[in-house]
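Enquirer: Before we start, here is the structure in question, set down as structure tokens.
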Protein chains: 4
Amino acid sequence: MGGNSFGTLFRITTWGESHGEALGVVIDGCPPMIDVSVEEIQKELDRRRPGQGTGSSPRKERDRVEILSGIFEGKTTGTPISLLIRNEDVDSSSYEEWRDIFRPGHADFTYQAKYGIRDHRGGGRASARETVARVAAGAVAKKIIGQERMEVMAYTVELGGIRAKRVDWKEIDRNDFRCPDPDAAKEMEKRVEEVRSQGDSLGGIVEILVRGCPPGLGEPVFDKLEADLAKALMSIGAVRGVEIGAGFVAARMCGSQCNDPLGPAGFEKNDAGGILGGISNGMDIVLRVAVKPIPSIHLEQRTVDRTMRPVSIRIRGRHDLSAIPRINPVCEAMVAMVLADHWLRQRALRG
Amino acid sequence: MGGNSFGTLFRITTWGESHGEALGVVIDGCPPMIDVSVEEIQKELDRRRPGQGTGSSPRKERDRVEILSGIFEGKTTGTPISLLIRNEDVDSSSYEEWRDIFRPGHADFTYQAKYGIRDHRGGGRASARETVARVAAGAVAKKIIGQERMEVMAYTVELGGIRAKRVDWKEIDRNDFRCPDPDAAKEMEKRVEEVRSQGDSLGGIVEILVRGCPPGLGEPVFDKLEADLAKALMSIGAVRGVEIGAGFVAARMCGSQCNDPLGPAGFEKNDAGGILGGISNGMDIVLRVAVKPIPSIHLEQRTVDRTMRPVSIRIRGRHDLSAIPRINPVCEAMVAMVLADHWLRQRALRG
Amino acid sequence: MGGNSFGTLFRITTWGESHGEALGVVIDGCPPMIDVSVEEIQKELDRRRPGQGTGSSPRKERDRVEILSGIFEGKTTGTPISLLIRNEDVDSSSYEEWRDIFRPGHADFTYQAKYGIRDHRGGGRASARETVARVAAGAVAKKIIGQERMEVMAYTVELGGIRAKRVDWKEIDRNDFRCPDPDAAKEMEKRVEEVRSQGDSLGGIVEILVRGCPPGLGEPVFDKLEADLAKALMSIGAVRGVEIGAGFVAARMCGSQCNDPLGPAGFEKNDAGGILGGISNGMDIVLRVAVKPIPSIHLEQRTVDRTMRPVSIRIRGRHDLSAIPRINPVCEAMVAMVLADHWLRQRALRG
Amino acid sequence: MGGNSFGTLFRITTWGESHGEALGVVIDGCPPMIDVSVEEIQKELDRRRPGQGTGSSPRKERDRVEILSGIFEGKTTGTPISLLIRNEDVDSSSYEEWRDIFRPGHADFTYQAKYGIRDHRGGGRASARETVARVAAGAVAKKIIGQERMEVMAYTVELGGIRAKRVDWKEIDRNDFRCPDPDAAKEMEKRVEEVRSQGDSLGGIVEILVRGCPPGLGEPVFDKLEADLAKALMSIGAVRGVEIGAGFVAARMCGSQCNDPLGPAGFEKNDAGGILGGISNGMDIVLRVAVKPIPSIHLEQRTVDRTMRPVSIRIRGRHDLSAIPRINPVCEAMVAMVLADHWLRQRALRG
């Protein structure tokens, strides 16, 4: 139990290093008789590929997914689904210089401390490339919850300090940042160019919305729906904070403002973000995550090598300038898996 | 697996309803030969008792803990530790009016939706009283991590919009709000009185600090230390957001600001909040949680009964005005358990 | 995760020592809306009480079960069910002599080796008294599977070398040994008296039969139904072997004998014991367990103390002469829990 | 959680169908810094390849294992180890006739009942070919326990009714049946030829011996060492019974015979089979499993198709005549994994 499995009934185990042979995921617990095609999974992987929005990674990952088991004649069989993505275009030589140096903001120091050994090539297991397996598994989870008419969307509400002022779903796919406010998207573009020229990087805030979630999902008192969602999202490398509904703003509300009144047609507002007492209430589930800036920057940085001797480094090559928007489908995948899992748990409980 | 267990190696299972016979917890996986006394557990329970700070619950819970198993001649034996707290002074008659009505902001609606049945008395399992079992188990976890010189402290950095401007550890126990800034504490008192007279309630922000955590705790890629901490804290009823280190502020930083440089003596600042890549880095762990206002307010509220017919209600009796500061030891307990668990997991991995 | 939990969806955690305050169990994952009364649980506990068949323990355990949570107005609520049995009539003074001596056949040596500390009173956690918690939880499991018309029966097919030659269900409750063959029961009685006069003890074989199990339960390839059943039964103290269907006899069969042919009405014989490929096939499930003789005998035995110095001991007091028949309801309880668990797992998978 | 994971700390998840693209396993929880080479894993796989002893499968599986992750420069890194074996030489056309027919003794009927869909080609997930992933993972487990000087050996003590009368370790690798008695091996050969000419198949008994196991492994009361071993072994397709130490013979012993006396040098005999109260006692661990005959026989058999219409079938092609001796390395693998897992659990508990 090394921490690479997630979920209870819809349970995934991911594996793979950035510059190893391949990455992949095994899904154990997917119900049988669900239509799943390689194209559907590939489509989700394509959404997190490099070269989007703030991305500039030159690595030509086609990220071709292979289905190795668990799907027969187009349908899941209830046996484990093994998905594999080969690493292509891997040149590890440029990473040789980091073999004994801890890059600031990266997990180099802590992996060395924890395991006493690390694959330094491309960040090894700690690379954001690890999320390719999450997205592949998430594609299957989306099929399960899609059957129940649940839908997950992640979009950028803040980037480099520029905040979206309105949410127009149609706009999300029309700009590079997956921002629902086209005016904000233009400002984000300027901000990105500015920071790119400085050799620096940016963070932001992603909002995740779930529509169509039925009431009743979530297992108090520890596996509350928002608790599992918080873990799911906080397990993504760049995420430094998670909030639900009114979130940190709720801390400044009075009870009379924060409580959502109920009327004959249901809840009359949604400051709870769709979850009460750890259980979905039938309203949209609304989450936001704080995404820190990419630690790989072109500016000179102070750090140490494995003997704790100070060194000054400059990371070369082209890296994404922000985890946004490539992190957005990863957020969707994690949320979809939590929902699939809890939907199955509720089915076990009530039939 | 109904969601009432937490942890992998240091694993607890809690049980009990607000107005049932008792509440309790079973700890399975506590190492043997650790000194644990009933007094030490009782002391932690006393810290979350009613009548503190913003509290005004008249229920005279002495919350006397009994140790029923797992401790022999003052030491843990490695067998399950069963702790029990009887419910005393329970008068459920006043709750009869809520049998068929869903109080806004409470879990009444969602428990009914999920289970098709609920113990309406005092909120049943969804009551904050549930946390008494967490605090009891946390007292044992504190003993384990205390042996490794780890220490957890939770204090109030914001209440009703009043923010602490400085952190002085000595002040925490000197005011009713567990606020490390005595000036802010005075303002908080005013704000509390004001809101009390209005029959309303307040939220705030609690910061949790871990000192002495060694590097190496946390199990990527899903059981990252911050992911398990986020789940632990988000599973507490009133918590609506969790952040680590710079948290949501990191979303507005550039990489050059956010990265913590390393020098011969270690990390030179701590915007990471003590965790990199899901693994503790040896610095203080710093977390903050957003606490929503107590949903039980004295003002009139609109809601519905089980037939979805609109009703207007007014909750009588005396309730806490804020989950703060009684939630603080609960936060400490949850964090202590995550640390104990990950400390054992790291011991399994490396000896 | 100290090994005191069992099951995945219907999950129990037991606790308690033979001479501690109490023993108990928490059931997490029981579906809501099931009628459960204290009398139904008590009835099962009464079936494993001392003074039956080969039993002669003078300890007057009334074994009164208390329901502390999870049941409201006679129905399960989906929250954890906590059951508690106080230890009464406990006199630990007679065990003082075993504080530093390892009794042969008991777990004294291994608990000391594993934990470095042990509660020597009455065997502590290693006492057969631990099974009282299993039987209490099993009573709830029986209610769940009873709703699906599944039924579990354990009966004695061999005791002290005397083998039942026929199976007549009506006879089981008519003799002290829960033996379905009245003639064998009479011989067993003679054998028991003979061995009792010698100060020795006896083993035997218990068969467990499940009627009404639908096809489809079991989760290959590791959580196969027979694998979980084998673990369940082998976790009972005195059990030294488990077999399903033809069991060890199948090892001597040819394939043409062992395969069960299928006809329009289903399987035409049942050497498979109701399970194929790890999944129930709709036939009766048939299991047998080998029960070793009780290690507490009145004869002189050689052993060592904690310093490994040889000592000669003689265990006084009155003990059961065989774990049979008191082990029979324990076997039923374990099997019922496995079935309840897998029934819920199948419901999660298929609805 | 579909039942395809095994272990708690040393945890594997296997996947793959007999005639799918590949089979494989992910090991999560392997400690870092252990030397593991592809050759060591391959060597174990070669031991379960077809064409040995009673085997006659014509399928030319080279079973080449690939290491896809978790091992860097010859050492484990603490990250998940992904092992993959491509299916080669797969011709599924001969299985087309079984698409709608349930072969007796196979899992065809139960997979259809459970999942509502099945990959009929070569038995799909229910094929014995699944065990290739177990053996690959077991090779890694053997490295872990080998560091602690533990060793696992499985050998044939009975085949087709022929029982080994003596145990000479040196003989095991010298005959086709992995039988430690060369005289019995010769008789087994005759029996095999006889049954082969009849178109039938055979079962037998395999004994598994663990040498070098330290005292203290096992987690009562449910994860007792023998309970986890029983589950591990019973999860292998052909196994119908498991016993430890004296096993079913213990059922006929008196306590005075069955108890193992202790002397200054330790236990003086080993009817307990190396485990007391669920915890290893430092003696050899001795287990035996009953292996049923292979269900694929050349004789005519009665069965039904999916509409429950009777059909008479004859299975063509060449199949193994017994699961023995190819099952022996599978038994070793399962036992090695249980030991590795419990060794890590004990390290978590005591350091």
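Naming works like this for the structure tokens: A, B, ... for the chains as they're shown, residue 1 at the start of each chain, ligands 1 onward in shown order.
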Would you give me, as a VMD selection string, the residues of chain B that come within 6 Å of chain D, using only C-alpha atoms?
Expert: chain B and resid 31 344 347 to 349 351
Enquirer: Write a file of the just-selected residues containing N, CA, C and O atoms, as an mmCIF file, in the first residue's frame.
Expert:
data_model
loop_
_atom_site.group_PDB
_atom_site.id
_atom_site.type_symbol
_atom_site.label_atom_id
_atom_site.label_comp_id
_atom_site.auth_asym_id
_atom_site.auth_seq_id
_atom_site.Cartn_x
_atom_site.Cartn_y
_atom_site.Cartn_z
ATOM 1 N N PRO B 31 0.826 0.974 17.953
ATOM 2 C CA PRO B 31 1.960 0.154 18.389
ATOM 3 C C PRO B 31 1.902 -0.141 19.886
ATOM 4 O O PRO B 31 1.314 0.626 20.656
ATOM 5 N N LEU B 344 3.981 5.599 10.774
ATOM 6 C CA LEU B 344 4.027 4.126 10.762
ATOM 7 C C LEU B 344 4.258 3.599 9.345
ATOM 8 O O LEU B 344 4.983 2.626 9.148
ATOM 9 N N ARG B 347 7.778 3.887 8.558
ATOM 10 C CA ARG B 347 8.557 2.882 9.295
ATOM 11 C C ARG B 347 8.451 1.518 8.615
ATOM 12 O O ARG B 347 9.422 0.768 8.572
ATOM 13 N N ALA B 348 7.281 1.206 8.090
ATOM 14 C CA ALA B 348 7.134 -0.058 7.348
ATOM 15 C C ALA B 348 8.046 -0.062 6.124
ATOM 16 O O ALA B 348 8.657 -1.072 5.784
ATOM 17 N N LEU B 349 8.143 1.085 5.487
ATOM 18 C CA LEU B 349 8.886 1.180 4.222
ATOM 19 C C LEU B 349 10.387 1.116 4.431
ATOM 20 O O LEU B 349 11.118 0.502 3.651
ATOM 21 N N GLY B 351 12.003 0.927 7.824
ATOM 22 C CA GLY B 351 12.487 0.349 9.074
ATOM 23 C C GLY B 351 12.767 1.407 10.108
ATOM 24 O O GLY B 351 12.679 2.578 9.839
#
Enquirer: What lies within 6 Å of Leu225 (chain A) using only C-alpha atoms, ignoring chain neighbours under 3 positions off, as a tab-separated table (two decimals) with N, CA, C and O atoms, in the first residue's frame?
Expert:
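Output file part09.tsv follows:
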chain	number	residue	atom	x	y	z
A	218	GLY	N	-21.91	10.08	-0.76
A	218	GLY	CA	-21.04	10.50	0.33
A	218	GLY	C	-21.26	9.61	1.52
A	218	GLY	O	-22.38	9.19	1.78
A	228	ASP	N	-13.50	13.31	0.36
A	228	ASP	CA	-12.86	12.52	-0.70
A	228	ASP	C	-12.51	13.40	-1.90
A	228	ASP	O	-11.48	13.20	-2.55
A	278	GLY	N	-21.71	16.11	4.32
A	278	GLY	CA	-20.88	15.11	3.66
A	278	GLY	C	-21.59	14.33	2.57
A	278	GLY	O	-21.02	13.41	1.97
A	279	ILE	N	-22.85	14.72	2.30
A	279	ILE	CA	-23.69	13.98	1.35
A	279	ILE	C	-24.22	14.96	0.31
A	279	ILE	O	-24.65	16.06	0.65
Enquirer: For the atom pair CA of Glu17 (chain C) and CA of Asp119 (chain C), what is the interatomic distance in Å to one decimal place?
Expert: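 The value is 7.9 Å.
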Enquirer: Excluding Thr110 (chain C) and any residue of its chain fewer than 5 positions from it, enumerate the residues within 10 Å of it, using only C-alpha atoms, and give them as a list in words.
Expert: Phe102, Tyr115, Gly116 and Arg118 of chain C; Pro215, Gly216, Leu217, Gly218, Ile275, Leu276, Gly277, Gly278, Ile279, Ser280, Asn281 and Gly282 of chain D
Enquirer: When you look at Pro329 (chain B) with a cut-off of 8 Å (counting only C-alpha atoms), what residues show up, excluding the ones that are within fewer than 2 positions of it in the same chain? I need them as a list in words.
Expert: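 Those residues are Glu44, Arg47, Arg48, Val135, Ala154, Arg326, Ile327, Cys331, Glu332 and Ala333 of chain B.
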Enquirer: For CA of Ala107 (chain A) and CA of Leu83 (chain D), determine how far apart the two atoms are, in Å to one decimal place.
Expert: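 It comes out at 25.3 Å.
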Enquirer: Region 92-298 of chain B: which residues are helix (DSSP H, G or I) by DSSP, as number ranges by chain?
Expert: B: 93-98, 108-115, 121-126, 128-147, 169-174, 182-198, 225-234, 247-252, 255-258
Enquirer: Just the residues within 9 Å of region 202-208 of chain D, please, counting only C-alpha atoms, with nothing from its chain fewer than 2 positions along; format it as number ranges by chain.
Expert: C: 248, 250-255; D: 152-163, 192, 195, 200, 210, 238, 285-294, 321-325, 327-328, 331-332, 335
Enquirer: Considering only C-alpha atoms, return as a PyMOL selection string whatever protein or nucleic-acid residues lie within 8 Å of Trp15 (chain A), sequence-local ones (same chain, fewer than 5 positions apart) excluded.
Expert: (chain A and resi 4+23-25+130+133) or (chain D and resi 26+69-70+79-82)
Enquirer: Create the file for the chosen residues now, containing C-alpha atoms and written as a PDB file, in the first residue's frame.
Expert:
ATOM      1  CA  ASN A   4      -0.707   4.715  -5.575  1.00  0.00           C
ATOM      2  CA  LEU A  23       2.873   4.897 -17.566  1.00  0.00           C
ATOM      3  CA  GLY A  24      -0.414   3.257 -16.866  1.00  0.00           C
ATOM      4  CA  VAL A  25      -3.332   2.514 -14.652  1.00  0.00           C
ATOM      5  CA  GLU A 130       2.030  10.984 -13.870  1.00  0.00           C
ATOM      6  CA  ALA A 133      -2.812   7.785 -15.988  1.00  0.00           C
TER       7      ALA A 133
ATOM      8  CA  VAL D  26       1.332  -3.677 -10.317  1.00  0.00           C
ATOM      9  CA  SER D  69       8.336   1.029 -13.809  1.00  0.00           C
ATOM     10  CA  GLY D  70       9.518   1.132 -10.219  1.00  0.00           C
ATOM     11  CA  THR D  79       7.324   3.559  -6.488  1.00  0.00           C
ATOM     12  CA  PRO D  80       4.909   1.060  -8.084  1.00  0.00           C
ATOM     13  CA  ILE D  81       6.510  -1.799  -9.986  1.00  0.00           C
ATOM     14  CA  SER D  82       4.617  -2.605 -13.152  1.00  0.00           C
TER      15      SER D  82
END
Enquirer: As a short mmCIF file (atom, residue, chain, number, x, y, z; two decimals) with all heavy atoms, in the first residue's frame, list the residues of region 82-208 of chain A assigned to strand (DSSP E or B) by DSSP on the backbone atoms of this structure.
Expert:
data_model
loop_
_atom_site.label_atom_id
_atom_site.label_comp_id
_atom_site.auth_asym_id
_atom_site.auth_seq_id
_atom_site.Cartn_x
_atom_site.Cartn_y
_atom_site.Cartn_z
N SER A 82 -6.79 -2.54 -17.77
CA SER A 82 -5.40 -2.08 -17.76
C SER A 82 -5.17 -1.16 -18.95
O SER A 82 -5.38 -1.55 -20.09
CB SER A 82 -4.46 -3.28 -17.81
OG SER A 82 -3.12 -2.85 -17.87
N LEU A 83 -4.75 0.05 -18.66
CA LEU A 83 -4.48 1.05 -19.70
C LEU A 83 -3.01 1.41 -19.66
O LEU A 83 -2.45 1.62 -18.58
CB LEU A 83 -5.34 2.29 -19.48
CG LEU A 83 -6.86 2.06 -19.38
CD1 LEU A 83 -7.57 3.36 -19.05
CD2 LEU A 83 -7.40 1.45 -20.67
N LEU A 84 -2.39 1.53 -20.81
CA LEU A 84 -0.95 1.76 -20.89
C LEU A 84 -0.64 2.86 -21.90
O LEU A 84 -1.22 2.89 -22.98
CB LEU A 84 -0.26 0.46 -21.26
CG LEU A 84 1.26 0.48 -21.43
CD1 LEU A 84 1.86 -0.79 -20.83
CD2 LEU A 84 1.66 0.58 -22.88
N ILE A 85 0.25 3.75 -21.53
CA ILE A 85 0.73 4.80 -22.42
C ILE A 85 2.27 4.72 -22.46
O ILE A 85 2.92 4.94 -21.43
CB ILE A 85 0.30 6.20 -21.92
CG1 ILE A 85 -1.23 6.29 -21.89
CG2 ILE A 85 0.88 7.30 -22.81
CD1 ILE A 85 -1.83 6.19 -20.52
N ARG A 86 2.80 4.35 -23.59
CA ARG A 86 4.25 4.26 -23.72
C ARG A 86 4.88 5.66 -23.68
O ARG A 86 4.29 6.61 -24.19
CB ARG A 86 4.62 3.62 -25.07
CG ARG A 86 4.30 2.16 -25.19
CD ARG A 86 5.49 1.30 -24.78
NE ARG A 86 5.05 -0.11 -24.67
CZ ARG A 86 5.72 -1.04 -24.01
NH1 ARG A 86 6.85 -0.78 -23.40
NH2 ARG A 86 5.26 -2.27 -23.95
N ILE A 101 21.32 17.15 -7.62
CA ILE A 101 20.94 18.50 -7.21
C ILE A 101 19.43 18.53 -6.96
O ILE A 101 18.66 17.91 -7.67
CB ILE A 101 21.35 19.53 -8.30
CG1 ILE A 101 22.87 19.71 -8.23
CG2 ILE A 101 20.62 20.85 -8.12
CD1 ILE A 101 23.42 20.62 -9.29
N GLU A 151 -22.22 15.14 -15.01
CA GLU A 151 -21.27 15.76 -15.92
C GLU A 151 -20.31 16.62 -15.11
O GLU A 151 -20.73 17.32 -14.19
CB GLU A 151 -22.08 16.64 -16.87
CG GLU A 151 -21.33 17.17 -18.05
CD GLU A 151 -22.21 18.16 -18.84
OE1 GLU A 151 -23.38 18.38 -18.41
OE2 GLU A 151 -21.72 18.71 -19.82
N VAL A 152 -19.04 16.56 -15.43
CA VAL A 152 -18.01 17.32 -14.71
C VAL A 152 -17.32 18.29 -15.66
O VAL A 152 -16.92 17.90 -16.75
CB VAL A 152 -16.93 16.38 -14.12
CG1 VAL A 152 -15.93 17.16 -13.29
CG2 VAL A 152 -17.56 15.27 -13.32
N MET A 153 -17.16 19.54 -15.25
CA MET A 153 -16.45 20.52 -16.06
C MET A 153 -15.47 21.29 -15.19
O MET A 153 -15.84 21.76 -14.11
CB MET A 153 -17.43 21.55 -16.61
CG MET A 153 -18.23 21.08 -17.80
SD MET A 153 -19.10 22.49 -18.53
CE MET A 153 -20.05 23.04 -17.10
N ALA A 154 -14.25 21.46 -15.67
CA ALA A 154 -13.27 22.29 -14.96
C ALA A 154 -12.91 23.45 -15.86
O ALA A 154 -12.69 23.26 -17.07
CB ALA A 154 -12.04 21.47 -14.63
N TYR A 155 -12.85 24.64 -15.30
CA TYR A 155 -12.51 25.82 -16.10
C TYR A 155 -11.72 26.78 -15.22
O TYR A 155 -11.73 26.71 -13.99
CB TYR A 155 -13.77 26.49 -16.66
CG TYR A 155 -14.90 26.56 -15.69
CD1 TYR A 155 -15.00 27.59 -14.78
CD2 TYR A 155 -15.88 25.54 -15.63
CE1 TYR A 155 -16.03 27.66 -13.85
CE2 TYR A 155 -16.91 25.59 -14.71
CZ TYR A 155 -16.98 26.66 -13.82
OH TYR A 155 -17.98 26.70 -12.89
N THR A 156 -11.04 27.69 -15.89
CA THR A 156 -10.08 28.56 -15.22
C THR A 156 -10.76 29.84 -14.78
O THR A 156 -11.26 30.60 -15.62
CB THR A 156 -8.94 28.90 -16.21
OG1 THR A 156 -8.43 27.66 -16.73
CG2 THR A 156 -7.85 29.68 -15.52
N VAL A 157 -10.80 30.08 -13.48
CA VAL A 157 -11.42 31.32 -13.02
C VAL A 157 -10.40 32.37 -12.62
O VAL A 157 -10.75 33.53 -12.36
CB VAL A 157 -12.41 31.08 -11.85
CG1 VAL A 157 -13.61 30.25 -12.35
CG2 VAL A 157 -11.74 30.39 -10.69
N GLU A 158 -9.13 31.97 -12.58
CA GLU A 158 -8.08 32.96 -12.31
C GLU A 158 -6.77 32.43 -12.84
O GLU A 158 -6.48 31.24 -12.73
CB GLU A 158 -7.98 33.23 -10.79
CG GLU A 158 -7.11 34.43 -10.47
CD GLU A 158 -7.11 34.80 -8.99
OE1 GLU A 158 -8.20 34.89 -8.38
OE2 GLU A 158 -6.00 34.97 -8.43
N LEU A 159 -5.98 33.35 -13.43
CA LEU A 159 -4.65 32.98 -13.93
C LEU A 159 -3.74 34.19 -13.77
O LEU A 159 -4.05 35.27 -14.29
CB LEU A 159 -4.69 32.54 -15.40
CG LEU A 159 -3.34 32.08 -15.98
CD1 LEU A 159 -2.87 30.77 -15.33
CD2 LEU A 159 -3.47 31.88 -17.50
N ILE A 162 -5.33 37.43 -12.85
CA ILE A 162 -6.47 37.89 -13.67
C ILE A 162 -7.67 37.01 -13.37
O ILE A 162 -7.61 35.80 -13.54
CB ILE A 162 -6.16 37.79 -15.18
CG1 ILE A 162 -4.79 38.33 -15.53
CG2 ILE A 162 -7.28 38.43 -16.00
CD1 ILE A 162 -4.60 39.79 -15.28
N ARG A 163 -8.76 37.60 -12.94
CA ARG A 163 -9.93 36.84 -12.51
C ARG A 163 -11.06 36.91 -13.54
O ARG A 163 -11.35 37.98 -14.06
CB ARG A 163 -10.42 37.40 -11.17
CG ARG A 163 -11.39 36.49 -10.47
CD ARG A 163 -11.47 36.69 -8.98
NE ARG A 163 -12.32 35.63 -8.44
CZ ARG A 163 -11.87 34.54 -7.84
NH1 ARG A 163 -10.58 34.37 -7.66
NH2 ARG A 163 -12.71 33.61 -7.40
N LEU A 202 3.48 31.00 -13.63
CA LEU A 202 2.26 31.54 -13.03
C LEU A 202 1.38 30.45 -12.42
O LEU A 202 1.37 29.31 -12.89
CB LEU A 202 1.41 32.24 -14.10
CG LEU A 202 1.90 33.59 -14.60
CD1 LEU A 202 0.98 34.09 -15.70
CD2 LEU A 202 1.93 34.61 -13.46
N GLY A 204 -2.83 29.91 -10.58
CA GLY A 204 -4.18 30.38 -10.79
C GLY A 204 -5.19 29.55 -10.03
O GLY A 204 -4.82 28.78 -9.13
N ILE A 205 -6.44 29.73 -10.37
CA ILE A 205 -7.52 29.02 -9.68
C ILE A 205 -8.42 28.33 -10.71
O ILE A 205 -8.82 28.95 -11.70
CB ILE A 205 -8.35 29.97 -8.79
CG1 ILE A 205 -7.45 30.57 -7.70
CG2 ILE A 205 -9.54 29.25 -8.17
CD1 ILE A 205 -8.12 31.60 -6.82
N VAL A 206 -8.70 27.06 -10.48
CA VAL A 206 -9.59 26.30 -11.35
C VAL A 206 -10.87 25.99 -10.58
O VAL A 206 -10.81 25.61 -9.40
CB VAL A 206 -8.91 24.99 -11.82
CG1 VAL A 206 -9.88 24.10 -12.60
CG2 VAL A 206 -7.68 25.29 -12.66
N GLU A 207 -12.00 26.17 -11.24
CA GLU A 207 -13.27 25.80 -10.62
C GLU A 207 -13.77 24.52 -11.27
O GLU A 207 -13.63 24.35 -12.49
CB GLU A 207 -14.29 26.92 -10.82
CG GLU A 207 -15.60 26.71 -10.08
CD GLU A 207 -16.43 27.99 -9.98
OE1 GLU A 207 -16.14 28.83 -9.11
OE2 GLU A 207 -17.36 28.14 -10.79
N ILE A 208 -14.32 23.63 -10.46
CA ILE A 208 -14.86 22.38 -11.00
C ILE A 208 -16.34 22.34 -10.65
O ILE A 208 -16.73 22.53 -9.49
CB ILE A 208 -14.14 21.14 -10.42
CG1 ILE A 208 -12.64 21.26 -10.66
CG2 ILE A 208 -14.66 19.87 -11.08
CD1 ILE A 208 -11.82 21.54 -9.43
#
Enquirer: Excluding Gln147 (chain B) and any residue of its chain fewer than 5 positions from it, enumerate the residues within 12 Å of it, using only C-alpha atoms, and give them as a list in words.
Expert: Pro31, Met33, Ile34, Asp35, Val36, Val140, Ala141, Lys142, Gly212, Cys213, Ala340 and Trp343 of chain B
Enquirer: Ranking D:Gly245, D:Arg125, D:Thr303, D:Arg316 by minimum distance to Asn259 (chain D) and counting only C-alpha atoms, which one comes first?
Expert: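 Ranked by minimum distance to Asn259 (chain D), first place goes to D:Gly245.
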